Amino acid sequence: MSTKADIQGFDISAFSAAVIGCGGLGTNVAVHLAGAGIGKLLLWDFDGVELRNLNRQFMYTEEDEGKAKSLVLANKIREYAPDCKVESVCIKIESISQLFSAENFDIVILAVDNIECRKIVSDFCEERKIAYINGSVNGFYGTAYLCIPDKTPPLEATGALQKSNGAVLSPSMSVGIIGALEAKLATDYFLKNPHSAGKLYCYDGETIESLTIKEETKRD
């Protein structure tokens with residue numbers, strides 16, 4: 001019987017990822033990584049399923065309304081990819097000390113629209129020297145960035161931690177593309193493909209382009 005590694009030509013079953021956020025981006029990230037054969041996932045979200053979000057959070061149905069997204073998604077990923085070990089956490093992230101559950105994962109993937117959460121998680125990853133990926137979507141525009149501490153500029157250098165004008169609802173196509181791109185960047189990291197790290201991938205509704213991020217030298 002052929003395995004996923006045989007079919008795809010690569011094997012990521014020895015790797016693990018912590019996905020922070022189980023909304024539109026997070027569901028896409030989790031499904032793509034599970035489908036690609038990742039060995040272990042941690043799914044983290046404090047919120048519940050809402051009917052108004054179902055257009056872009058395709059793993060949930062009306063029957064899931066009000067249920068914890070991380071728990072529902074974990075159960076569905078287990079059904080979809082039985083070989084993948086799945087854990088879930090349903091706690092709002094408000095400090096670095098809460099992230100101990102993510103310390104033993106190979107990479108942390110941010111799939112949130114909350115800047116404070118992004119900052120806490122990025123600080124945690126920089127401090128623990130854990131690779132991390134951030135995905136952001138605003139309408140038909142989106143970005144994805146793979147950061148490897150001490151090797152690439154931190155997330156702050158991309159502008160992803162700057163104050164925004166508020167969340168903008170995004171169509172399913174945008175979150176699908178950026179979520180898939182985050183999963184691709186994670187796979188690049190697992191397979192030691194260095195070309196995608198430190199580049200900000202930008203989607204404008206038509207094309208995807210990459211910008212090499214350079215950290216500004218601090219002046220005295």
# chains A, B, ... in the order shown; residues from 1 in each chain; ligands from 1
$ select_by_dssp --residues "range 37-219 of chain A" --states "helix (DSSP H, G or I)" --output "PyMOL selection string"
chain A and resi 51-53+62-64+69-80+96-102+115-128+155-158+172-190+194-196
$ residues_around --residues "Ala102 in chain A" --least-positions-apart "3" --cutoff "8 Å" --atoms "only C-alpha atoms" --output "ChimeraX atom specification"
/A:18,42,99,105,108
$ write_last_selection --atoms "N, CA, C and O atoms" --output "PDB file, in the first residue's frame"
ATOM      1  N   ALA A  18       2.565  23.732  15.835  1.00  0.00           N
ATOM      2  CA  ALA A  18       1.533  24.326  16.682  1.00  0.00           C
ATOM      3  C   ALA A  18       0.855  25.418  15.874  1.00  0.00           C
ATOM      4  O   ALA A  18       1.509  26.356  15.420  1.00  0.00           O
ATOM      5  N   LEU A  42      -0.751  20.735  17.102  1.00  0.00           N
ATOM      6  CA  LEU A  42      -1.383  21.364  18.256  1.00  0.00           C
ATOM      7  C   LEU A  42      -2.272  22.471  17.714  1.00  0.00           C
ATOM      8  O   LEU A  42      -1.792  23.367  17.010  1.00  0.00           O
ATOM      9  N   LEU A  99       2.348  29.700  26.812  1.00  0.00           N
ATOM     10  CA  LEU A  99       2.706  28.984  25.589  1.00  0.00           C
ATOM     11  C   LEU A  99       3.602  27.775  25.805  1.00  0.00           C
ATOM     12  O   LEU A  99       4.182  27.261  24.845  1.00  0.00           O
ATOM     13  N   PHE A 105       7.278  21.778  19.880  1.00  0.00           N
ATOM     14  CA  PHE A 105       6.887  21.635  18.485  1.00  0.00           C
ATOM     15  C   PHE A 105       7.957  22.243  17.581  1.00  0.00           C
ATOM     16  O   PHE A 105       8.647  23.185  17.960  1.00  0.00           O
ATOM     17  N   VAL A 108       5.904  27.026  14.931  1.00  0.00           N
ATOM     18  CA  VAL A 108       4.654  27.635  15.391  1.00  0.00           C
ATOM     19  C   VAL A 108       4.091  28.440  14.227  1.00  0.00           C
ATOM     20  O   VAL A 108       4.810  29.208  13.577  1.00  0.00           O
TER      21      VAL A 108
END
$ closest_residue --among "A:Leu200, A:Ile130, A:Cys125, A:Ala183" --to "Asp106 in chain A" --atoms "only C-alpha atoms"
A:Ile130
$ residues_around --residues "Tyr201 in chain A" --least-positions-apart "5" --cutoff "7 Å" --atoms "only C-alpha atoms" --output "list in words"
Thr143, Ala144, Tyr145, Ile208, Glu209, Ser210 and Leu211 of chain A
$ closest_atom_pairs --of "range 19-59 of chain A" --to "range 69-84 of chain A" --cutoff "6 Å" --atoms "only C-alpha atoms" --output "Markdown table"
| residue | atom | partner | partner_atom | distance |
| --- | --- | --- | --- | --- |
| A:Ala34 | CA | A:Ala81 | CA | 6.0 |
| A:Gly39 | CA | A:Cys84 | CA | 4.9 |
| A:Lys40 | CA | A:Cys84 | CA | 5.4 |
| A:Leu43 | CA | A:Ser70 | CA | 5.6 |
| A:Trp44 | CA | A:Ser70 | CA | 5.7 |
| A:Asp45 | CA | A:Ser70 | CA | 5.3 |
| A:Gly48 | CA | A:Lys69 | CA | 5.1 |
| A:Val49 | CA | A:Lys69 | CA | 5.5 |
$ write_last_selection --atoms "C-alpha atoms" --output "compact mmCIF listing (two decimals), in the first residue's frame"
# COMPACT_ATOMS: atom_id res chain seq x y z
CA ALA A 34 -2.44 16.88 7.94
CA GLY A 39 3.10 13.67 12.45
CA LYS A 40 1.66 15.95 15.12
CA LEU A 43 -4.52 23.40 17.50
CA TRP A 44 -5.02 26.49 19.68
CA ASP A 45 -8.02 28.83 19.78
CA GLY A 48 -16.32 29.27 19.42
CA VAL A 49 -17.76 28.53 16.00
$ select_by_dssp --residues "range 16-96 of chain A" --states "strand (DSSP E)" --output "VMD selection string"
chain A and resid 16 to 20 40 to 44 85 to 89
$ write_last_selection --atoms "C-alpha atoms" --output "tab-separated table (two decimals), in the first residue's frame"
chain	number	residue	atom	x	y	z
A	16	SER	CA	5.15	18.77	14.37
A	17	ALA	CA	3.47	22.17	14.24
A	18	ALA	CA	1.53	24.33	16.68
A	19	VAL	CA	-1.22	26.25	14.87
A	20	ILE	CA	-2.33	29.35	16.77
A	40	LYS	CA	1.66	15.95	15.12
A	41	LEU	CA	-0.47	19.09	15.38
A	42	LEU	CA	-1.38	21.36	18.26
A	43	LEU	CA	-4.52	23.40	17.50
A	44	TRP	CA	-5.02	26.49	19.68
A	85	LYS	CA	-1.56	13.00	16.48
A	86	VAL	CA	-3.70	16.02	17.35
A	87	GLU	CA	-3.84	18.05	20.55
A	88	SER	CA	-6.04	21.07	21.23
A	89	VAL	CA	-5.96	24.03	23.60
$ residues_around --residues "range 149-166 of chain A" --least-positions-apart "4" --cutoff "12 Å" --atoms "only C-alpha atoms" --output "PyMOL selection string"
chain A and resi 107+110+112-139+142-145+194-202+210-217
$ closest_residue --among "A:Leu185, A:Ala180, A:Met173, A:Ala111" --to "Glu206 in chain A" --atoms "only C-alpha atoms"
A:Met173
$ atom_distance --atom1 "CA of Glu103 in chain A" --atom2 "CA of Leu33 in chain A"
18.9 Å
$ closest_residue --among "A:Glu94, A:Asp204, A:Asp47, A:Asp64" --to "Gly21 in chain A" --atoms "only C-alpha atoms"
A:Asp47
$ atom_distance --atom1 "CA of Cys90 in chain A" --atom2 "CA of Asp188 in chain A"
28.4 Å
$ residues_around --residues "Ser172 in chain A" --least-positions-apart "4" --cutoff "8 Å" --atoms "only C-alpha atoms" --output "list in words"
Gly24, Asn55, Arg56, Gln57 and Gly176 of chain A
$ atom_distance --atom1 "CA of Tyr189 in chain A" --atom2 "CA of Phe46 in chain A"
27.3 Å
$ closest_residue --among "A:Gly23, A:Phe190, A:Ile109, A:Pro171" --to "Gly37 in chain A" --atoms "only C-alpha atoms"
A:Phe190
$ residues_around --residues "Glu62 in chain A" --least-positions-apart "5" --cutoff "10 Å" --atoms "only C-alpha atoms" --output "PyMOL selection string"
chain A and resi 49-52+54
$ write_last_selection --atoms "all heavy atoms" --output "tab-separated table (two decimals), in the first residue's frame"
chain	number	residue	atom	x	y	z
A	49	VAL	N	-17.33	28.48	17.39
A	49	VAL	CA	-17.76	28.53	16.00
A	49	VAL	C	-18.95	29.50	15.88
A	49	VAL	O	-19.89	29.44	16.67
A	49	VAL	CB	-18.18	27.13	15.50
A	49	VAL	CG1	-18.74	27.21	14.09
A	49	VAL	CG2	-17.00	26.17	15.57
A	50	GLU	N	-18.88	30.39	14.88
A	50	GLU	CA	-19.96	31.34	14.61
A	50	GLU	C	-20.46	31.15	13.19
A	50	GLU	O	-19.67	30.99	12.25
A	50	GLU	CB	-19.47	32.78	14.79
A	50	GLU	CG	-19.05	33.11	16.21
A	50	GLU	CD	-18.63	34.57	16.33
A	50	GLU	OE1	-19.49	35.46	16.09
A	50	GLU	OE2	-17.45	34.83	16.65
A	51	LEU	N	-21.78	31.19	13.01
A	51	LEU	CA	-22.37	30.97	11.69
A	51	LEU	C	-21.89	31.98	10.66
A	51	LEU	O	-21.71	31.65	9.49
A	51	LEU	CB	-23.89	31.00	11.79
A	51	LEU	CG	-24.55	29.90	12.63
A	51	LEU	CD1	-26.08	30.05	12.58
A	51	LEU	CD2	-24.15	28.52	12.13
A	52	ARG	N	-21.66	33.23	11.08
A	52	ARG	CA	-21.27	34.27	10.13
A	52	ARG	C	-19.90	34.04	9.52
A	52	ARG	O	-19.53	34.67	8.53
A	52	ARG	CB	-21.30	35.64	10.82
A	52	ARG	CG	-20.27	35.82	11.93
A	52	ARG	CD	-20.50	37.10	12.69
A	52	ARG	NE	-19.50	37.29	13.74
A	52	ARG	CZ	-18.39	37.99	13.57
A	52	ARG	NH1	-18.13	38.56	12.41
A	52	ARG	NH2	-17.54	38.13	14.57
A	54	LEU	N	-18.73	30.88	8.60
A	54	LEU	CA	-18.64	29.57	7.95
A	54	LEU	C	-18.21	29.65	6.49
A	54	LEU	O	-17.70	28.67	5.95
A	54	LEU	CB	-19.98	28.84	8.05
A	54	LEU	CG	-20.44	28.44	9.46
A	54	LEU	CD1	-21.72	27.60	9.36
A	54	LEU	CD2	-19.35	27.68	10.19
$ closest_residue --among "A:Thr187, A:Thr27, A:Asn104, A:Asn53" --to "Ser13 in chain A" --atoms "only C-alpha atoms"
A:Thr187
